[in-house]
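Q: Following this line is query_9.cif, made up of mmCIF, C-alpha atoms:
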```
data_final
#
loop_
_atom_site.label_atom_id
_atom_site.label_comp_id
_atom_site.auth_asym_id
_atom_site.auth_seq_id
_atom_site.Cartn_x
_atom_site.Cartn_y
_atom_site.Cartn_z
CA MET A 1 -21.93 42.97 -35.89
CA GLN A 2 -23.41 40.82 -33.16
CA ASP A 3 -20.47 38.44 -33.52
CA LEU A 4 -18.05 41.29 -32.93
CA VAL A 5 -19.85 42.41 -29.77
CA SER A 6 -19.87 38.92 -28.35
CA LEU A 7 -16.20 38.43 -29.26
CA PHE A 8 -15.43 41.70 -27.47
CA VAL A 9 -17.26 40.71 -24.28
CA LYS A 10 -15.80 37.21 -24.46
CA SER A 11 -12.22 38.44 -24.74
CA ILE A 12 -12.69 40.79 -21.77
CA PHE A 13 -14.30 38.40 -19.31
CA VAL A 14 -14.38 34.76 -20.42
CA ASP A 15 -10.94 34.52 -22.04
CA ASN A 16 -9.34 37.10 -19.78
CA MET A 17 -5.62 37.32 -20.58
CA VAL A 18 -4.61 37.28 -16.92
CA PHE A 19 -7.04 34.91 -15.26
CA ALA A 20 -7.54 32.36 -18.01
CA TYR A 21 -4.06 32.30 -19.60
CA PHE A 22 -1.71 34.05 -17.13
CA LEU A 23 -0.29 36.31 -19.81
CA GLY A 24 1.61 39.46 -18.87
CA MET A 25 2.03 38.17 -15.32
CA CYS A 26 5.49 39.62 -14.67
CA SER A 27 4.57 43.26 -15.15
CA TYR A 28 1.11 42.50 -13.71
CA LEU A 29 2.69 41.57 -10.37
CA ALA A 30 5.49 44.13 -10.48
CA VAL A 31 3.49 47.26 -11.38
CA SER A 32 0.30 46.70 -9.35
CA LYS A 33 1.42 48.28 -6.08
CA ASN A 34 -0.72 51.41 -6.57
CA ILE A 35 -3.69 52.30 -8.71
CA LYS A 36 -2.18 55.25 -10.58
CA THR A 37 0.72 53.41 -12.21
CA ALA A 38 -1.55 50.40 -12.79
CA VAL A 39 -3.96 52.57 -14.80
CA GLY A 40 -1.03 53.95 -16.86
CA LEU A 41 0.33 50.53 -17.75
CA GLY A 42 -3.16 49.18 -18.41
CA LEU A 43 -3.92 51.97 -20.90
CA ALA A 44 -0.61 51.40 -22.67
CA VAL A 45 -1.38 47.68 -23.01
CA ILE A 46 -4.86 48.35 -24.48
CA PHE A 47 -3.32 50.72 -26.99
CA VAL A 48 -0.42 48.51 -28.07
CA LEU A 49 -2.63 45.40 -28.35
CA GLY A 50 -5.16 47.37 -30.40
CA VAL A 51 -2.41 48.46 -32.83
CA THR A 52 -0.20 45.36 -33.09
CA LEU A 53 -2.98 42.81 -33.56
CA PRO A 54 -4.34 44.27 -36.83
CA ALA A 55 -0.76 44.72 -38.09
CA ASN A 56 0.16 41.13 -37.32
CA TYR A 57 -3.16 39.94 -38.72
CA LEU A 58 -2.36 41.50 -42.10
CA LEU A 59 1.17 40.06 -42.07
CA ASN A 60 -0.18 36.64 -41.16
CA LYS A 61 -2.88 36.74 -43.83
CA TYR A 62 -0.79 38.06 -46.73
CA ILE A 63 2.70 36.74 -46.00
CA LEU A 64 3.01 34.05 -43.33
CA SER A 65 0.16 31.57 -43.49
CA PRO A 66 0.36 28.59 -45.89
CA GLY A 67 -0.34 29.68 -49.46
CA ALA A 68 -0.66 33.34 -48.48
CA LEU A 69 1.73 34.56 -51.15
CA VAL A 70 -0.67 33.71 -53.99
CA TRP A 71 -1.43 37.41 -54.45
CA LEU A 72 2.18 37.88 -55.60
CA ASN A 73 2.33 34.97 -58.00
CA PRO A 74 0.05 31.90 -58.32
CA ASP A 75 3.14 29.65 -58.28
CA TYR A 76 3.74 30.46 -54.61
CA ALA A 77 0.64 28.53 -53.46
CA SER A 78 2.78 25.85 -51.82
CA VAL A 79 4.97 28.25 -49.85
CA ASP A 80 4.47 28.07 -46.07
CA LEU A 81 6.34 30.66 -44.06
CA SER A 82 4.48 30.12 -40.79
CA PHE A 83 7.65 28.94 -39.03
CA LEU A 84 8.86 32.55 -39.29
CA SER A 85 5.87 33.93 -37.41
CA PHE A 86 7.54 34.23 -33.99
CA ILE A 87 10.40 36.34 -35.28
CA ILE A 88 8.16 38.52 -37.49
CA PHE A 89 5.57 39.10 -34.76
CA ILE A 90 8.14 40.07 -32.16
CA ALA A 91 9.91 42.38 -34.60
CA VAL A 92 6.61 44.07 -35.46
CA ILE A 93 5.74 44.46 -31.81
CA ALA A 94 9.15 45.84 -30.86
CA SER A 95 9.15 48.34 -33.71
CA ILE A 96 5.52 49.44 -33.21
CA VAL A 97 6.23 50.01 -29.54
CA GLN A 98 9.21 52.11 -30.54
CA ILE A 99 7.14 54.15 -33.05
CA VAL A 100 4.28 54.59 -30.59
CA GLU A 101 6.77 55.82 -28.02
CA MET A 102 8.17 58.42 -30.41
CA VAL A 103 4.73 59.59 -31.60
CA VAL A 104 3.39 59.91 -28.07
CA GLU A 105 6.51 61.79 -27.02
CA LYS A 106 6.15 64.25 -29.92
CA PHE A 107 2.42 64.99 -29.79
CA THR A 108 1.23 64.37 -26.22
CA PRO A 109 4.13 65.01 -23.83
CA GLY A 110 1.72 64.83 -20.88
CA LEU A 111 0.69 61.27 -21.67
CA TYR A 112 4.32 60.41 -22.42
CA SER A 113 5.56 61.48 -19.02
CA SER A 114 2.88 59.40 -17.31
CA LEU A 115 3.40 56.31 -19.51
CA GLY A 116 7.11 56.93 -20.11
CA ILE A 117 8.84 54.01 -18.47
CA PHE A 118 6.06 51.52 -19.25
CA LEU A 119 6.10 51.76 -23.02
CA PRO A 120 9.47 50.04 -23.60
CA LEU A 121 8.52 47.40 -21.02
CA ILE A 122 5.50 46.46 -23.08
CA ALA A 123 7.60 45.07 -25.95
CA VAL A 124 8.46 42.13 -23.73
CA ASN A 125 5.03 41.79 -22.12
CA CYS A 126 3.81 38.33 -23.04
CA ALA A 127 0.17 39.50 -23.24
CA ILE A 128 1.07 41.35 -26.45
CA LEU A 129 2.88 38.50 -28.22
CA GLY A 130 0.31 36.10 -26.75
CA GLY A 131 -2.49 38.09 -28.35
CA SER A 132 -0.89 37.77 -31.77
CA LEU A 133 -0.21 34.05 -31.32
CA PHE A 134 -3.79 33.39 -30.18
CA MET A 135 -5.04 35.34 -33.19
CA GLN A 136 -2.99 33.05 -35.44
CA GLU A 137 -3.93 29.85 -33.62
CA ARG A 138 -7.67 30.56 -33.46
CA GLY A 139 -7.72 31.85 -37.04
CA TYR A 140 -9.77 35.04 -36.75
CA GLU A 141 -11.16 35.71 -40.17
CA THR A 142 -11.49 39.45 -40.67
CA LEU A 143 -9.46 42.49 -39.79
CA ALA A 144 -12.36 43.73 -37.64
CA GLU A 145 -12.35 40.51 -35.60
CA ALA A 146 -8.62 40.76 -34.96
CA THR A 147 -8.88 44.41 -33.89
CA VAL A 148 -11.86 43.77 -31.62
CA PHE A 149 -10.06 40.80 -30.06
CA GLY A 150 -6.99 42.98 -29.43
CA LEU A 151 -8.96 45.81 -27.83
CA GLY A 152 -11.05 43.39 -25.78
CA SER A 153 -8.09 41.48 -24.37
CA GLY A 154 -6.35 44.77 -23.61
CA LEU A 155 -9.40 45.99 -21.72
CA GLY A 156 -9.57 42.70 -19.81
CA TRP A 157 -5.90 43.09 -18.80
CA PHE A 158 -6.57 46.70 -17.77
CA LEU A 159 -9.50 45.69 -15.55
CA ALA A 160 -7.46 42.91 -13.97
CA ILE A 161 -4.46 45.09 -13.09
CA VAL A 162 -6.60 47.95 -11.71
CA ALA A 163 -8.61 45.53 -9.57
CA LEU A 164 -5.43 43.91 -8.20
CA ALA A 165 -3.85 47.30 -7.47
CA ALA A 166 -6.97 48.33 -5.53
CA ILE A 167 -6.85 45.12 -3.48
CA ARG A 168 -3.12 45.51 -2.79
CA GLU A 169 -3.58 49.07 -1.58
CA LYS A 170 -6.16 47.79 0.94
CA ILE A 171 -4.12 44.75 1.93
CA SER A 172 -1.16 46.87 3.00
CA TYR A 173 -3.17 47.76 6.12
CA SER A 174 -3.81 44.13 7.06
CA ASN A 175 -1.78 41.91 9.32
CA VAL A 176 -0.52 39.23 6.94
CA PRO A 177 1.72 36.39 8.31
CA ALA A 178 5.33 37.52 7.85
CA PRO A 179 6.58 34.92 5.30
CA LEU A 180 3.47 35.48 3.17
CA ARG A 181 3.79 39.25 3.08
CA GLY A 182 4.18 40.98 -0.29
CA LEU A 183 4.62 38.47 -3.08
CA GLY A 184 3.07 35.39 -1.45
CA ILE A 185 -0.25 36.97 -0.53
CA THR A 186 -0.42 38.64 -3.95
CA PHE A 187 -0.27 35.26 -5.67
CA ILE A 188 -3.05 33.92 -3.47
CA VAL A 189 -5.18 37.05 -4.04
CA VAL A 190 -4.76 36.68 -7.82
CA GLY A 191 -5.74 33.01 -7.49
CA LEU A 192 -8.92 33.95 -5.64
CA MET A 193 -9.71 36.64 -8.22
CA GLY A 194 -9.23 33.98 -10.90
CA ILE A 195 -11.78 31.75 -9.15
CA ALA A 196 -14.20 34.68 -9.11
CA PHE A 197 -13.63 35.29 -12.83
CA MET A 198 -14.35 31.62 -13.53
CA SER A 199 -18.01 32.39 -12.95
CA PHE A 200 -17.98 33.88 -16.46
CA MET A 201 -16.79 30.59 -17.95
CA GLY A 202 -20.20 28.99 -18.38
CA ILE A 203 -21.52 31.94 -20.38
CA LYS A 204 -22.07 31.11 -24.05
CA LEU A 205 -22.01 34.08 -26.36
CA MET B 1 34.73 28.98 -11.51
CA ASP B 2 32.40 30.05 -8.75
CA LYS B 3 30.11 27.26 -7.63
CA LYS B 4 27.58 29.82 -6.44
CA ILE B 5 26.58 30.61 -10.03
CA PHE B 6 25.19 27.10 -10.32
CA ILE B 7 23.85 26.45 -6.81
CA GLU B 8 22.07 29.69 -5.93
CA PRO B 9 19.44 29.86 -8.72
CA LEU B 10 18.19 26.39 -7.81
CA PHE B 11 16.53 27.40 -4.54
CA LYS B 12 18.06 30.29 -2.63
CA ASN B 13 17.89 32.77 -5.52
CA ASN B 14 15.23 31.00 -7.58
CA PRO B 15 14.19 32.99 -10.67
CA VAL B 16 10.47 32.36 -10.17
CA SER B 17 9.88 32.54 -6.43
CA VAL B 18 12.55 35.10 -5.48
CA LEU B 19 13.25 37.22 -8.56
CA VAL B 20 9.60 36.99 -9.82
CA LEU B 21 10.60 36.26 -13.42
CA GLY B 22 8.86 34.01 -15.92
CA ILE B 23 5.60 33.56 -14.03
CA CYS B 24 3.25 33.42 -17.03
CA SER B 25 4.41 30.17 -18.51
CA ALA B 26 5.21 28.65 -15.11
CA LEU B 27 1.51 28.73 -14.35
CA ALA B 28 -0.07 27.85 -17.64
CA VAL B 29 1.73 24.60 -18.49
CA THR B 30 1.52 22.88 -15.11
CA VAL B 31 -1.79 21.00 -15.35
CA LYS B 32 0.13 17.81 -16.13
CA LEU B 33 3.69 16.77 -15.34
CA GLU B 34 4.73 15.87 -18.89
CA PRO B 35 4.24 19.27 -20.60
CA ALA B 36 5.81 20.89 -17.54
CA LEU B 37 8.97 18.79 -17.98
CA VAL B 38 9.13 19.53 -21.71
CA MET B 39 8.62 23.24 -21.08
CA ALA B 40 11.32 23.30 -18.38
CA LEU B 41 13.76 21.55 -20.73
CA SER B 42 12.98 23.95 -23.61
CA VAL B 43 13.45 27.01 -21.43
CA THR B 44 16.73 25.65 -20.02
CA ILE B 45 18.13 25.03 -23.50
CA VAL B 46 17.02 28.40 -24.91
CA LEU B 47 18.29 30.23 -21.83
CA GLY B 48 21.69 28.49 -21.81
CA PHE B 49 22.42 29.03 -25.49
CA SER B 50 21.02 32.56 -25.75
CA GLU B 51 23.21 33.59 -22.82
CA VAL B 52 26.28 32.10 -24.56
CA ILE B 53 25.51 33.85 -27.87
CA ILE B 54 24.81 37.22 -26.26
CA SER B 55 27.89 36.86 -24.08
CA LEU B 56 30.04 36.14 -27.15
CA ILE B 57 28.85 39.23 -29.01
CA ARG B 58 28.34 41.43 -25.94
CA ASN B 59 31.15 43.84 -26.84
CA THR B 60 29.91 44.43 -30.39
CA ILE B 61 26.20 45.12 -29.70
CA PRO B 62 25.44 48.86 -29.74
CA ASN B 63 23.74 49.68 -26.47
CA ARG B 64 20.69 51.41 -27.99
CA ILE B 65 19.49 48.47 -30.06
CA ARG B 66 20.47 45.68 -27.68
CA ILE B 67 16.85 44.74 -26.82
CA ILE B 68 16.05 44.04 -30.47
CA VAL B 69 19.29 42.07 -30.96
CA GLN B 70 18.50 39.99 -27.89
CA LEU B 71 14.94 39.37 -29.09
CA VAL B 72 16.19 38.20 -32.48
CA VAL B 73 18.71 35.78 -30.95
CA VAL B 74 16.10 34.38 -28.55
CA ALA B 75 13.43 34.17 -31.24
CA MET B 76 15.80 32.20 -33.48
CA LEU B 77 16.50 29.65 -30.73
CA VAL B 78 12.80 29.39 -29.88
CA ILE B 79 11.93 28.72 -33.53
CA LEU B 80 14.48 25.86 -33.51
CA VAL B 81 13.01 24.39 -30.31
CA ASP B 82 9.47 24.77 -31.66
CA GLN B 83 10.29 23.01 -34.94
CA ILE B 84 12.07 20.18 -33.08
CA LEU B 85 9.10 19.72 -30.72
CA LYS B 86 6.67 19.70 -33.65
CA ALA B 87 8.76 17.03 -35.35
CA PHE B 88 9.49 14.70 -32.43
CA ALA B 89 6.87 15.40 -29.74
CA TYR B 90 3.80 16.58 -31.62
CA GLU B 91 1.27 15.77 -28.87
CA VAL B 92 3.12 17.74 -26.22
CA SER B 93 3.71 20.62 -28.59
CA LYS B 94 -0.07 20.79 -29.20
CA GLN B 95 -0.67 20.87 -25.42
CA LEU B 96 1.85 23.67 -24.95
CA SER B 97 0.19 25.60 -27.83
CA VAL B 98 1.27 29.24 -27.82
CA PHE B 99 3.44 28.89 -24.75
CA VAL B 100 6.47 27.63 -26.68
CA GLY B 101 6.36 30.85 -28.71
CA LEU B 102 5.96 32.83 -25.53
CA ILE B 103 9.39 31.65 -24.33
CA ILE B 104 10.61 34.62 -26.42
CA THR B 105 8.99 37.08 -24.06
CA ASN B 106 9.66 34.97 -20.97
CA CYS B 107 11.13 37.51 -18.59
CA ILE B 108 13.65 34.99 -17.18
CA ILE B 109 15.44 35.08 -20.53
CA MET B 110 15.53 38.85 -20.97
CA GLY B 111 16.20 39.31 -17.26
CA ARG B 112 19.19 36.95 -17.13
CA ILE B 113 20.64 38.26 -20.40
CA GLU B 114 20.45 41.83 -19.13
CA ALA B 115 21.65 41.00 -15.64
CA PHE B 116 24.31 38.39 -16.36
CA ALA B 117 25.23 37.61 -19.98
CA LEU B 118 25.96 41.22 -20.91
CA GLY B 119 28.70 41.43 -18.28
CA ASN B 120 30.27 37.97 -18.17
CA LYS B 121 32.35 35.52 -20.21
CA PRO B 122 30.58 32.80 -22.23
CA LEU B 123 31.26 29.85 -19.88
CA PRO B 124 29.88 31.40 -16.67
CA ALA B 125 27.00 32.77 -18.75
CA PHE B 126 26.19 29.25 -19.99
CA VAL B 127 26.27 27.86 -16.43
CA ASP B 128 24.07 30.71 -15.22
CA GLY B 129 21.58 30.03 -18.01
CA ILE B 130 21.39 26.31 -17.31
CA ALA B 131 21.09 26.85 -13.54
CA ASN B 132 18.32 29.42 -13.89
CA GLY B 133 16.51 27.15 -16.32
CA LEU B 134 16.72 24.33 -13.77
CA GLY B 135 15.52 26.61 -10.97
CA TYR B 136 12.52 27.48 -13.13
CA GLY B 137 12.06 23.78 -13.86
CA ILE B 138 11.97 22.94 -10.14
CA ILE B 139 8.98 25.24 -9.58
CA LEU B 140 7.23 23.85 -12.66
CA VAL B 141 7.73 20.26 -11.53
CA VAL B 142 6.61 20.92 -7.94
CA VAL B 143 3.44 22.73 -9.06
CA ALA B 144 2.67 20.20 -11.80
CA PHE B 145 3.27 17.27 -9.40
CA PHE B 146 0.58 18.47 -6.98
CA ARG B 147 -1.82 19.57 -9.71
CA GLU B 148 -1.67 16.28 -11.59
CA LEU B 149 -1.69 14.09 -8.44
CA PHE B 150 -4.68 15.78 -6.79
CA GLY B 151 -6.45 16.93 -9.95
CA SER B 152 -6.30 13.74 -12.01
CA GLY B 153 -4.93 11.10 -9.63
CA THR B 154 -2.12 10.31 -12.09
CA LEU B 155 1.58 11.13 -12.51
CA LEU B 156 3.05 11.32 -16.02
CA GLY B 157 -0.15 9.61 -17.16
CA TYR B 158 0.16 6.58 -14.81
CA GLN B 159 -2.63 5.98 -12.31
CA ILE B 160 -1.31 6.65 -8.79
CA VAL B 161 -4.48 6.79 -6.71
CA PRO B 162 -5.84 3.18 -6.65
CA ALA B 163 -8.86 2.87 -8.94
CA THR B 164 -10.85 1.06 -6.23
CA TRP B 165 -10.76 4.19 -4.02
CA TYR B 166 -13.01 6.16 -6.36
CA ILE B 167 -16.66 6.67 -5.46
CA LYS B 168 -17.79 5.31 -8.83
CA ASN B 169 -16.04 2.02 -7.98
CA GLY B 170 -17.59 1.90 -4.51
CA GLY B 171 -14.79 3.73 -2.65
CA PHE B 172 -14.57 7.07 -0.87
CA TYR B 173 -12.26 9.21 -3.07
CA GLU B 174 -12.94 11.85 -5.71
CA ASN B 175 -10.44 13.91 -7.73
CA ASN B 176 -10.28 17.57 -6.74
CA GLY B 177 -11.36 19.36 -9.91
CA LEU B 178 -10.17 22.72 -8.57
CA PHE B 179 -6.54 21.67 -9.05
CA ILE B 180 -7.01 21.39 -12.80
CA LEU B 181 -8.36 24.94 -13.09
CA PRO B 182 -5.95 27.84 -13.69
CA PRO B 183 -6.32 29.70 -10.35
CA MET B 184 -4.97 26.76 -8.33
CA ALA B 185 -1.54 27.17 -9.96
CA LEU B 186 -1.31 30.70 -8.54
CA ILE B 187 -2.32 29.55 -5.08
CA LEU B 188 0.23 26.70 -5.19
CA VAL B 189 3.04 29.11 -6.16
CA GLY B 190 1.89 31.40 -3.34
CA VAL B 191 2.15 28.49 -0.89
CA PHE B 192 5.59 27.56 -2.29
CA ILE B 193 6.78 31.12 -1.63
CA TRP B 194 5.29 30.94 1.87
CA VAL B 195 7.20 27.73 2.65
CA GLN B 196 10.44 29.07 1.15
CA ARG B 197 10.27 32.30 3.13
CA SER B 198 9.54 30.44 6.35
CA ILE B 199 12.85 28.62 5.80
CA GLN B 200 14.84 31.62 4.52
CA LYS B 201 13.82 34.34 6.94
CA GLU B 202 15.99 36.99 5.22
CA LEU B 203 13.62 37.05 2.20
CA ILE B 204 10.66 38.28 4.25
CA GLU B 205 9.44 41.67 3.01
CA LYS B 206 9.15 44.58 5.40
CA GLN B 207 5.66 45.86 6.09
#
```
Take the structure in the file and give it back as structure tokens.

A:
Amino acid sequence: MQDLVSLFVKSIFVDNMVFAYFLGMCSYLAVSKNIKTAVGLGLAVIFVLGVTLPANYLLNKYILSPGALVWLNPDYASVDLSFLSFIIFIAVIASIVQIVEMVVEKFTPGLYSSLGIFLPLIAVNCAILGGSLFMQERGYETLAEATVFGLGSGLGWFLAIVALAAIREKISYSNVPAPLRGLGITFIVVGLMGIAFMSFMGIKL
Amino acid sequence: MDKKIFIEPLFKNNPVSVLVLGICSALAVTVKLEPALVMALSVTIVLGFSEVIISLIRNTIPNRIRIIVQLVVVAMLVILVDQILKAFAYEVSKQLSVFVGLIITNCIIMGRIEAFALGNKPLPAFVDGIANGLGYGIILVVVAFFRELFGSGTLLGYQIVPATWYIKNGGFYENNGLFILPPMALILVGVFIWVQRSIQKELIEKQ
């Protein structure tokens, strides 16, 4: 239990998807102009990461990793399908995003109209595929670990995008040098936020 | 064929600094020059060939499922590149870790396929893919050049800053550790955009 809590805190702050690995940068920069849309996209990312990571964990454990097919037939112990993982992971993500979109549309139309345009965008958000690939590379051992890692990294991404949107709303009142306006200053602000987040790096959990 | 398709993505209409596509990997692989070059080459190849394939089958893809078709084509090419890197450049492929796989969701690829390959013949689509890959590569190389030179004092692994300059050898110089850390990549791209927009005044955003 303690391991799960520390993994959760670690994936939010220490291994933050945005500041430590730059994942999901494109939508991070494009959709952070105001807080309301940033919150919508952030919630969608938490949700999709929390659903796709356990799904991909099970696929990885029982189908893709070397020798995973033993449960079908002991002769398959030498089969290694891990080269297929990219294509399987992205297919799972794209289809789960599609299903989530349909379910949300059917049962909570209010949430759908606020998330609407962001859900399809998430299929090509690299934070989602990145989460699955990190899960495979770091070899998380239980389903609980994979789920906690997914929710934690989603929450870290959410915090990062809301914080940046807040700063950008303030910055629009400042007198920024003309060539730096908009995109340029946003990059530098994210860099400075990254330096601030580095203060979590030394923490051992 | 129009020369603009090749020239513009290199600087004037650069995918990273003007169109804001493909930022994630541009930042993460630029600590050293070598992985940056390998990454730029991989993206250029995947982008060129995926644009050709999509352009060839563009009239047969049903519009509703085109995203999934595009993802499958790109994922197939990325798997090929990943297997080749693992076979012939294992060290670099370890350094790039998950970022080779993340070429699939690199927004340059989806962006250029949607914006260009779906509406053009295979040859211009190929040129557009290669040119955008090179434009992406230019940013990677510029950022990686400064980060490796100031952060480690080397270029492509060769010592550039004379060893006698270092404080431990009785000199006055010390590597700037900040350049190795992730945030410096963002600040360098920010500065690149600043320089580019000072030259091309028409890109400046309105307040």

Q: Output the contact residues of chain A with respect to chain B at a cut-off of 6 Å, based on only C-alpha atoms, as a PyMOL selection string.

A: chain A and resi 22-23+25+87+124+126+179-180+184+187-188+191+194-195

Q: When you draw a straight line from atom CA of Tyr158 of chain B to atom CA of Val81 of chain B, how long is it in Å?

A: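 Separation between atom CA of Tyr158 of chain B and atom CA of Val81 of chain B: 26.9 Å.
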
Q: State, in Å with one decimal place, the distance from atom CA of Val51 of chain A to atom CA of Thr147 of chain A.

A: 7.7 Å

Q: May I have the residues within 9 Å of Gly154 of chain A as a PyMOL selection string, using all atoms listed in the file and disregarding those fewer than 6 positions away in the same chain?

A: chain A and resi 11-12+17+42-50+127-128

Q: Excluding Asn132 of chain B and residues on its chain fewer than 3 positions from it, collect all residues at most 6 Å away from it, counting all atoms listed in the file, and give them as a ChimeraX atom specification.

A: /B:9,129,135

Q: Generate a file of the selected residues that holds C-alpha atoms, formatted as a short mmCIF file (atom, residue, chain, number, x, y, z; two decimals), in the coordinates of the input.

A:
```
data_model
loop_
_atom_site.label_atom_id
_atom_site.label_comp_id
_atom_site.auth_asym_id
_atom_site.auth_seq_id
_atom_site.Cartn_x
_atom_site.Cartn_y
_atom_site.Cartn_z
CA PRO B 9 19.44 29.86 -8.72
CA GLY B 129 21.58 30.03 -18.01
CA GLY B 135 15.52 26.61 -10.97
#
```

Q: Atom CA of Gly133 of chain B to atom CA of Leu56 of chain B: how many Å, to one decimal?

A: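 Atom CA of Leu56 of chain B lies at a distance of 19.5 Å from atom CA of Gly133 of chain B.
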
Q: When distances are computed from all atoms listed in the file, which of A:Leu53, A:Ala163, A:Ala94, A:Met193 shows the smallest separation from Met135 of chain A?

A: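 For Met135 of chain A, the nearest of the candidates is A:Leu53.
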
Q: Counting only C-alpha atoms, figure out which residue out of A:Phe107, A:Phe89, A:Tyr28, A:Tyr140 gets nearest to Leu183 of chain A.

A: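 When distances to Leu183 of chain A are compared using only C-alpha atoms, the smallest one comes from A:Tyr28.
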
Q: Let me make sure I understand: among B:Thr154, B:Gln70, B:Ser50, B:Thr60, which one has the smallest atom-to-atom distance to Ala125 of chain B if we use all atoms listed in the file?

A: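 Smallest separation from Ala125 of chain B among the options: B:Ser50.
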
Q: Tell me which protein, DNA and RNA residues are within 9 Å of Ile138 of chain B, counting all atoms listed in the file, leaving out same-chain ones fewer than 5 positions away, and put them as an MDAnalysis selection string.

A: chainID B and resid 10:11 40 133 143

Q: Can you list, as a list in words, every protein, DNA or RNA residue that comes within 12 Å of Phe172 of chain B when you count all atoms listed in the file, leaving out same-chain residues fewer than 5 positions away?

A: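 Everything that qualifies: Val161, Pro162, Ala163, Thr164, Trp165, Tyr166 and Ile167 of chain B.
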
Q: I need the residues from that last selection saved to file as an mmCIF file, in the coordinates of the input (with C-alpha atoms), if you can.

A:
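What follows is the written file again_29.cif:
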```
data_model
loop_
_atom_site.group_PDB
_atom_site.id
_atom_site.type_symbol
_atom_site.label_atom_id
_atom_site.label_comp_id
_atom_site.auth_asym_id
_atom_site.auth_seq_id
_atom_site.Cartn_x
_atom_site.Cartn_y
_atom_site.Cartn_z
ATOM 1 C CA VAL B 161 -4.480 6.790 -6.710
ATOM 2 C CA PRO B 162 -5.840 3.180 -6.650
ATOM 3 C CA ALA B 163 -8.860 2.870 -8.940
ATOM 4 C CA THR B 164 -10.850 1.060 -6.230
ATOM 5 C CA TRP B 165 -10.760 4.190 -4.020
ATOM 6 C CA TYR B 166 -13.010 6.160 -6.360
ATOM 7 C CA ILE B 167 -16.660 6.670 -5.460
#
```

Q: Once the PyMOL selection byres ((chain A and resi 156) around 9) has been evaluated on this model, what residues remain selected, and can you format them as a short mmCIF file (atom, residue, chain, number, x, y, z; two decimals) with C-alpha atoms, in the frame of the given file?

A:
```cif
data_model
loop_
_atom_site.label_atom_id
_atom_site.label_comp_id
_atom_site.auth_asym_id
_atom_site.auth_seq_id
_atom_site.Cartn_x
_atom_site.Cartn_y
_atom_site.Cartn_z
CA SER A 11 -12.22 38.44 -24.74
CA ILE A 12 -12.69 40.79 -21.77
CA PHE A 13 -14.30 38.40 -19.31
CA ASP A 15 -10.94 34.52 -22.04
CA ASN A 16 -9.34 37.10 -19.78
CA MET A 17 -5.62 37.32 -20.58
CA VAL A 18 -4.61 37.28 -16.92
CA ILE A 46 -4.86 48.35 -24.48
CA LEU A 151 -8.96 45.81 -27.83
CA GLY A 152 -11.05 43.39 -25.78
CA SER A 153 -8.09 41.48 -24.37
CA GLY A 154 -6.35 44.77 -23.61
CA LEU A 155 -9.40 45.99 -21.72
CA TRP A 157 -5.90 43.09 -18.80
CA PHE A 158 -6.57 46.70 -17.77
CA LEU A 159 -9.50 45.69 -15.55
CA ALA A 160 -7.46 42.91 -13.97
CA ILE A 161 -4.46 45.09 -13.09
#
```

Q: If we count only C-alpha atoms and set the cut-off at 8 Å, which residues sit around Leu33 of chain B, ignoring sequence neighbours fewer than 2 positions away in its own chain? Please answer as a short mmCIF file (atom, residue, chain, number, x, y, z; two decimals) with C-alpha atoms, in the frame of the given file.

A:
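Resulting contents of around-v4.cif:
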```cif
data_model
loop_
_atom_site.label_atom_id
_atom_site.label_comp_id
_atom_site.auth_asym_id
_atom_site.auth_seq_id
_atom_site.Cartn_x
_atom_site.Cartn_y
_atom_site.Cartn_z
CA THR B 30 1.52 22.88 -15.11
CA VAL B 31 -1.79 21.00 -15.35
CA PRO B 35 4.24 19.27 -20.60
CA ALA B 36 5.81 20.89 -17.54
CA LEU B 37 8.97 18.79 -17.98
CA VAL B 141 7.73 20.26 -11.53
CA ALA B 144 2.67 20.20 -11.80
CA PHE B 145 3.27 17.27 -9.40
CA GLU B 148 -1.67 16.28 -11.59
CA LEU B 155 1.58 11.13 -12.51
CA LEU B 156 3.05 11.32 -16.02
#
```

Q: List, as a ChimeraX atom specification, every residue that the PyMOL selection byres ((chain A and resi 33) around 9) selects in the file provided.

A: /A:29-32,34-35,37-38,164-166,168-169

Q: How big is the axis-aligned box around all listed atoms of segment 66-85 of chain A once 8 Å goes on each side, and where's its centre, in Å to one decimal, as lines of an AutoDock Vina configuration file?

A:
```
center_x = 3.7
center_y = 31.9
center_z = -47.9
size_x = 26.3
size_y = 28.0
size_z = 36.9
```

Q: Do you know which residues the PyMOL selection byres ((chain B and resi 175) around 7) returns on this file, as a compact mmCIF listing (two decimals) with C-alpha atoms, in the coordinates of the input?

A:
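And here's part_7.txt as it stands now:
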```
# COMPACT_ATOMS: atom_id res chain seq x y z
CA PHE B 150 -4.68 15.78 -6.79
CA GLY B 151 -6.45 16.93 -9.95
CA SER B 152 -6.30 13.74 -12.01
CA GLY B 153 -4.93 11.10 -9.63
CA TYR B 173 -12.26 9.21 -3.07
CA GLU B 174 -12.94 11.85 -5.71
CA ASN B 176 -10.28 17.57 -6.74
CA GLY B 177 -11.36 19.36 -9.91
```

Q: Between A:Leu111, A:Leu4, A:Ile185, A:Ala77, which is the closest to Ala144 of chain A once you count all atoms listed in the file?

A: A:Leu4
